[in-house]
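Student: Handing over start18.csv, CSV, C-alpha atoms.
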```
chain,number,residue,atom,x,y,z
A,1,MET,CA,13.7,26.3,-2.3
A,2,LYS,CA,13.6,23.9,0.6
A,3,HIS,CA,14.0,20.2,0.0
A,4,LEU,CA,12.0,18.0,2.5
A,5,LYS,CA,12.3,14.3,3.0
A,6,THR,CA,9.9,12.0,4.8
A,7,PRO,CA,9.3,11.2,7.6
A,8,LEU,CA,8.9,14.8,8.4
A,9,GLY,CA,9.8,16.3,11.8
A,10,ASP,CA,10.0,19.7,13.4
A,11,GLU,CA,11.5,21.3,10.2
A,12,ILE,CA,7.9,21.7,9.0
A,13,LEU,CA,7.4,24.3,11.8
A,14,ASP,CA,9.7,26.6,10.0
A,15,LEU,CA,7.6,26.6,6.8
A,16,LYS,CA,5.4,29.5,5.9
A,17,ALA,CA,2.3,29.6,3.7
A,18,GLY,CA,3.4,30.5,0.2
A,19,GLU,CA,6.8,28.7,0.2
A,20,VAL,CA,7.6,26.4,-2.6
A,21,VAL,CA,9.3,23.1,-1.6
A,22,THR,CA,10.1,19.7,-3.0
A,23,LEU,CA,9.2,16.6,-1.2
A,24,SER,CA,11.0,13.2,-1.4
A,25,GLY,CA,10.5,10.0,0.4
A,26,VAL,CA,7.5,7.8,1.1
A,27,VAL,CA,3.9,9.2,1.1
A,28,TYR,CA,0.6,7.3,1.5
A,29,THR,CA,-2.5,8.0,-0.6
A,30,ALA,CA,-5.6,8.4,1.4
A,31,ARG,CA,-9.1,9.5,0.3
A,32,ASP,CA,-12.4,9.3,2.2
A,33,GLU,CA,-12.7,5.5,2.5
A,34,ALA,CA,-9.1,5.1,3.5
A,35,HIS,CA,-9.5,7.6,6.3
A,36,ILE,CA,-12.6,5.8,7.6
A,37,LYS,CA,-10.8,2.4,7.3
A,38,ILE,CA,-7.8,3.7,9.2
A,39,LEU,CA,-10.1,5.2,11.9
A,40,GLU,CA,-11.8,1.8,12.3
A,41,SER,CA,-8.9,-0.6,11.8
A,42,GLY,CA,-5.8,1.4,12.5
A,43,PHE,CA,-2.8,2.6,10.5
A,44,PRO,CA,-1.2,0.1,8.2
A,45,PHE,CA,2.0,2.2,8.4
A,46,ASP,CA,3.7,4.3,11.1
A,47,PRO,CA,1.9,7.6,11.2
A,48,LYS,CA,4.8,9.4,13.0
A,49,GLY,CA,6.1,12.0,10.5
A,50,ALA,CA,4.0,10.5,7.7
A,51,VAL,CA,2.6,12.5,4.7
A,52,LEU,CA,-0.8,11.7,3.3
A,53,TYR,CA,-1.6,12.4,-0.3
A,54,HIS,CA,-5.2,13.0,-1.0
A,55,CYS,CA,-5.2,11.1,-4.3
A,56,GLY,CA,-6.7,8.1,-6.1
A,57,PRO,CA,-4.0,7.1,-8.5
A,58,VAL,CA,-4.4,5.0,-11.6
A,59,ILE,CA,-2.2,2.0,-11.3
A,60,GLN,CA,-1.4,-0.4,-14.2
A,61,ASP,CA,1.1,-3.3,-14.1
A,62,ASN,CA,2.4,-2.0,-10.7
A,63,GLN,CA,3.2,1.4,-12.3
A,64,ILE,CA,1.7,4.7,-11.4
A,65,VAL,CA,0.1,6.0,-14.6
A,66,VAL,CA,-1.4,9.2,-13.2
A,67,ALA,CA,-1.6,10.5,-9.6
A,68,GLY,CA,-3.3,13.9,-9.4
A,69,PRO,CA,-4.7,15.3,-6.2
A,70,THR,CA,-8.3,15.0,-5.2
A,71,THR,CA,-10.3,17.7,-3.4
A,72,SER,CA,-9.0,17.8,0.2
A,73,ALA,CA,-12.0,19.4,1.7
A,74,ARG,CA,-13.8,16.0,1.5
A,75,MET,CA,-11.5,14.9,4.3
A,76,ASN,CA,-12.1,18.0,6.6
A,77,ASN,CA,-13.9,16.0,9.3
A,78,LEU,CA,-11.6,13.0,9.0
A,79,THR,CA,-8.3,14.8,9.5
A,80,GLY,CA,-8.0,15.6,13.2
A,81,PHE,CA,-7.3,12.0,14.3
A,82,MET,CA,-4.6,11.6,11.6
A,83,LEU,CA,-2.8,14.7,12.9
A,84,ASP,CA,-3.2,13.6,16.5
A,85,SER,CA,-1.5,10.3,15.5
A,86,GLY,CA,1.6,12.0,14.2
A,87,VAL,CA,0.9,12.7,10.5
A,88,ARG,CA,3.0,15.8,9.7
A,89,GLY,CA,1.9,16.6,6.2
A,90,LEU,CA,-1.1,16.5,3.9
A,91,VAL,CA,-1.0,17.0,0.1
A,92,GLY,CA,-4.0,17.8,-2.0
A,93,LYS,CA,-5.9,20.5,-3.9
A,94,GLY,CA,-8.4,23.1,-3.0
A,95,GLY,CA,-7.5,23.8,0.6
A,96,MET,CA,-9.2,22.6,3.8
A,97,SER,CA,-11.5,24.1,6.4
A,98,SER,CA,-10.6,26.6,9.1
A,99,LYS,CA,-11.1,23.7,11.6
A,100,VAL,CA,-8.3,21.8,9.9
A,101,ARG,CA,-6.2,25.0,9.8
A,102,ASP,CA,-6.5,25.1,13.6
A,103,GLU,CA,-5.8,21.4,13.9
A,104,LEU,CA,-2.5,21.9,11.9
A,105,LYS,CA,-1.2,24.5,14.4
A,106,GLY,CA,2.1,23.3,15.9
A,107,LYS,CA,1.8,19.9,14.3
A,108,ALA,CA,1.6,19.7,10.5
A,109,VAL,CA,1.3,21.5,7.2
A,110,TYR,CA,-1.0,21.2,4.1
A,111,PHE,CA,0.8,21.2,0.8
A,112,ALA,CA,-1.0,22.1,-2.4
A,113,PHE,CA,-0.3,20.3,-5.6
A,114,THR,CA,-1.9,21.7,-8.8
A,115,GLY,CA,-4.9,19.8,-10.1
A,116,GLY,CA,-4.4,18.8,-13.8
A,117,CYS,CA,-0.8,17.8,-13.3
A,118,ALA,CA,-1.3,14.1,-12.7
A,119,ASN,CA,1.3,13.1,-15.2
A,120,LEU,CA,3.9,15.4,-13.6
A,121,ALA,CA,3.2,13.8,-10.3
A,122,ALA,CA,3.4,10.3,-11.7
A,123,ALA,CA,6.8,11.1,-13.3
A,124,ARG,CA,8.2,11.7,-9.8
A,125,MET,CA,6.7,8.6,-8.2
A,126,THR,CA,7.6,5.0,-7.7
A,127,LEU,CA,5.0,2.5,-6.4
A,128,THR,CA,6.4,0.6,-3.3
A,129,GLY,CA,3.3,-1.0,-1.9
A,130,VAL,CA,-0.4,-1.1,-1.1
A,131,HIS,CA,-2.5,-1.3,2.0
A,132,TYR,CA,-6.3,-2.0,2.2
A,133,ALA,CA,-6.4,-3.1,-1.5
A,134,ASP,CA,-9.9,-4.4,-0.8
A,135,LEU,CA,-11.1,-0.7,-1.0
A,136,GLY,CA,-10.4,-0.6,-4.7
A,137,MET,CA,-7.8,1.3,-6.8
A,138,ALA,CA,-9.0,4.8,-6.0
A,139,GLU,CA,-9.6,4.3,-2.3
A,140,ALA,CA,-6.7,1.9,-1.3
A,141,VAL,CA,-3.7,3.3,0.6
A,142,TRP,CA,-0.9,3.3,-1.9
A,143,GLU,CA,2.6,3.6,-0.6
A,144,ILE,CA,4.6,5.8,-3.0
A,145,LYS,CA,8.2,7.0,-3.1
A,146,LEU,CA,8.5,10.6,-4.3
A,147,ASP,CA,11.5,12.1,-6.0
A,148,LYS,CA,11.4,15.9,-5.4
A,149,LEU,CA,7.7,16.5,-6.1
A,150,PRO,CA,7.2,20.3,-6.2
A,151,LEU,CA,4.6,21.6,-3.7
A,152,THR,CA,3.4,24.8,-2.3
A,153,VAL,CA,2.9,25.2,1.5
A,154,ALA,CA,-0.7,26.3,1.4
A,155,MET,CA,-1.5,26.0,5.2
A,156,ASP,CA,1.3,26.2,7.6
A,157,ALA,CA,1.7,25.1,11.3
A,158,HIS,CA,1.1,28.7,12.5
A,159,GLY,CA,-2.3,29.4,11.0
A,160,GLY,CA,-1.1,30.8,7.7
A,161,ASP,CA,-3.6,29.9,4.9
A,162,LEU,CA,-3.2,30.9,1.3
A,163,PHE,CA,-6.7,29.8,0.4
A,164,ALA,CA,-8.2,32.1,3.2
A,165,VAL,CA,-6.1,35.0,1.9
A,166,VAL,CA,-7.2,34.5,-1.7
A,167,GLU,CA,-10.8,34.1,-0.5
A,168,GLU,CA,-10.6,37.3,1.5
A,169,HIS,CA,-9.0,39.2,-1.3
A,170,ALA,CA,-11.5,37.9,-3.9
A,171,HIS,CA,-14.4,39.0,-1.6
A,172,GLU,CA,-12.9,42.6,-1.4
A,173,VAL,CA,-12.4,42.7,-5.2
A,174,PHE,CA,-15.9,41.5,-6.1
A,175,GLN,CA,-17.5,43.7,-3.4
A,176,GLY,CA,-16.1,46.7,-5.2
A,177,MET,CA,-17.2,45.5,-8.6
A,178,TYR,CA,-20.8,44.6,-7.9
A,179,PRO,CA,-23.3,46.6,-5.9
A,180,THR,CA,-24.5,45.0,-2.7
A,181,SER,CA,-28.0,46.3,-2.9
A,182,THR,CA,-30.4,47.5,-5.6
A,183,THR,CA,-30.3,51.0,-4.3
A,184,GLU,CA,-26.7,51.4,-5.5
A,185,ILE,CA,-27.7,50.6,-9.1
```
In C-alpha cells, what does this structure look like?
Tutor:
Amino acid sequence: MKHLKTPLGDEILDLKAGEVVTLSGVVYTARDEAHIKILESGFPFDPKGAVLYHCGPVIQDNQIVVAGPTTSARMNNLTGFMLDSGVRGLVGKGGMSSKVRDELKGKAVYFAFTGGCANLAAARMTLTGVHYADLGMAEAVWEIKLDKLPLTVAMDAHGGDLFAVVEEHAHEVFQGMYPTSTTEI
C-alpha cells in the first residue's frame, strides 16, 4: 500500500485505478458553493498539489464530528479550473464524468472514499482552519489534516476509471439477464 502526503506531486502519475492508498496531510473540503466561490473570488489556499475533499463535515466545538464524502458528480462542471490551477487530487464518492476523467489525464487523480464511513473519516482528521465560513457549515472550505485516511484510486491520471469498468460490466451482466425486446420473451 502506498502512503501519500500532501501537497501531492508527480507521484500521483504512478497510481493506477484500483490501488488502495493512505493519504496524510492537509486537504480542503469543497462542495458546489465552495467551487463557485473559489471560481469567483480565488483560492483561499495554494492550489498547487492540493487535494479537495467533496464533503460537508459536521463541526462542533472546533472538532470534526463526521466527515463523509458527498456525491462528486455534482462538481463535474466545476472541476476543470481546479485541476488547471494545480489541484492534484479529488476525494469523494460515486465517481465523476468522462469529461472529468479526461481533465485528470496527466494532472491528477480521483480517490473514492466509501459513503457511510463518516465516523471513520472523522477519526483520522484534525480541523486546522476554515475559509469562506459565510457559506455555512456544509459549504465552507474546511482545512483538515488527515492521518492515513484509506482511499481507493478510482480514476487515475491515465484514463483508468473503476466506475466506468463497473458500469460496463454491469451493462453486460444485465443485458444477458434481461431480454432486450419483447420478441425474445
Student: For a cutoff of 12 Å around the file-coordinate point (-2.6, 2.9, 9.9), which residues qualify once you count all atoms listed in the file? I'd like the result as number ranges by chain.
Tutor: A: 28-30, 34-48, 50, 52, 81-82, 85-87, 130-132, 140-143
Student: I'd like to know which of A:Ala138, A:Leu127, A:Leu13, A:Leu4 is closest to Pro69 in chain A, using only C-alpha atoms.
Tutor: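 The answer is A:Ala138, which sits nearest to Pro69 in chain A.
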Student: Please report the interatomic distance between CA of Asn119 in chain A and CA of Met75 in chain A in Å with one decimal.
Tutor: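 The value is 23.4 Å.
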Student: Env of range 15-23 of chain A: 8 Å cut, atoms = all atoms listed in the file, seq-sep filter 4 positions within chain, self excluded. Answer as a list in words.
Tutor: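 These residues fall inside the cut-off: Met1, Lys2, His3, Leu4, Lys5, Thr6, Glu11, Leu146, Asp147, Lys148, Leu149, Pro150, Leu151, Thr152, Val153, Ala154, Met155, Asp156, Ala157, His158, Gly160, Asp161 and Leu162 of chain A.
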Student: What does the distance between CA of Ala164 in chain A and CA of Val91 in chain A come to in Å, to one decimal place?
Tutor: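 Straight-line distance from CA of Ala164 in chain A to CA of Val91 in chain A works out to 17.0 Å.
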Student: Work out how far apart CA of Lys99 in chain A and CA of Asn77 in chain A are and give it in Å to one decimal.
Tutor: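 Straight-line distance from CA of Lys99 in chain A to CA of Asn77 in chain A works out to 8.5 Å.
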Student: Could you check which of A:Lys107, A:Arg31, A:Arg124, A:Arg88 is closest to Val66 in chain A, using all atoms listed in the file?
Tutor: A:Arg124
Student: Hey, which of A:Gly106, A:Gly95, A:Gly116, A:Gly136 ends up closest to Gly159 in chain A? Count all atoms listed in the file.
Tutor: A:Gly106
Student: Taking all atoms listed in the file into account, which of A:Ile59, A:Cys117, A:Val165, A:Leu8 comes nearest Gly129 in chain A?
Tutor: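 Of A:Ile59, A:Cys117, A:Val165, A:Leu8, the one nearest Gly129 in chain A, counting all atoms listed in the file, is A:Ile59.
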Student: Considering all atoms listed in the file, state which residue in the set A:Ser72, A:Lys145, A:Val26, A:Phe111 is at the smallest distance from Thr126 in chain A.
Tutor: A:Lys145
Student: Ala73 in chain A: which residues within 12 Å, counting all atoms listed in the file, same-chain residues fewer than 5 positions away excluded, as a PyMOL selection string?
Tutor: chain A and resi 31-32+54+78-79+90-101+110+163
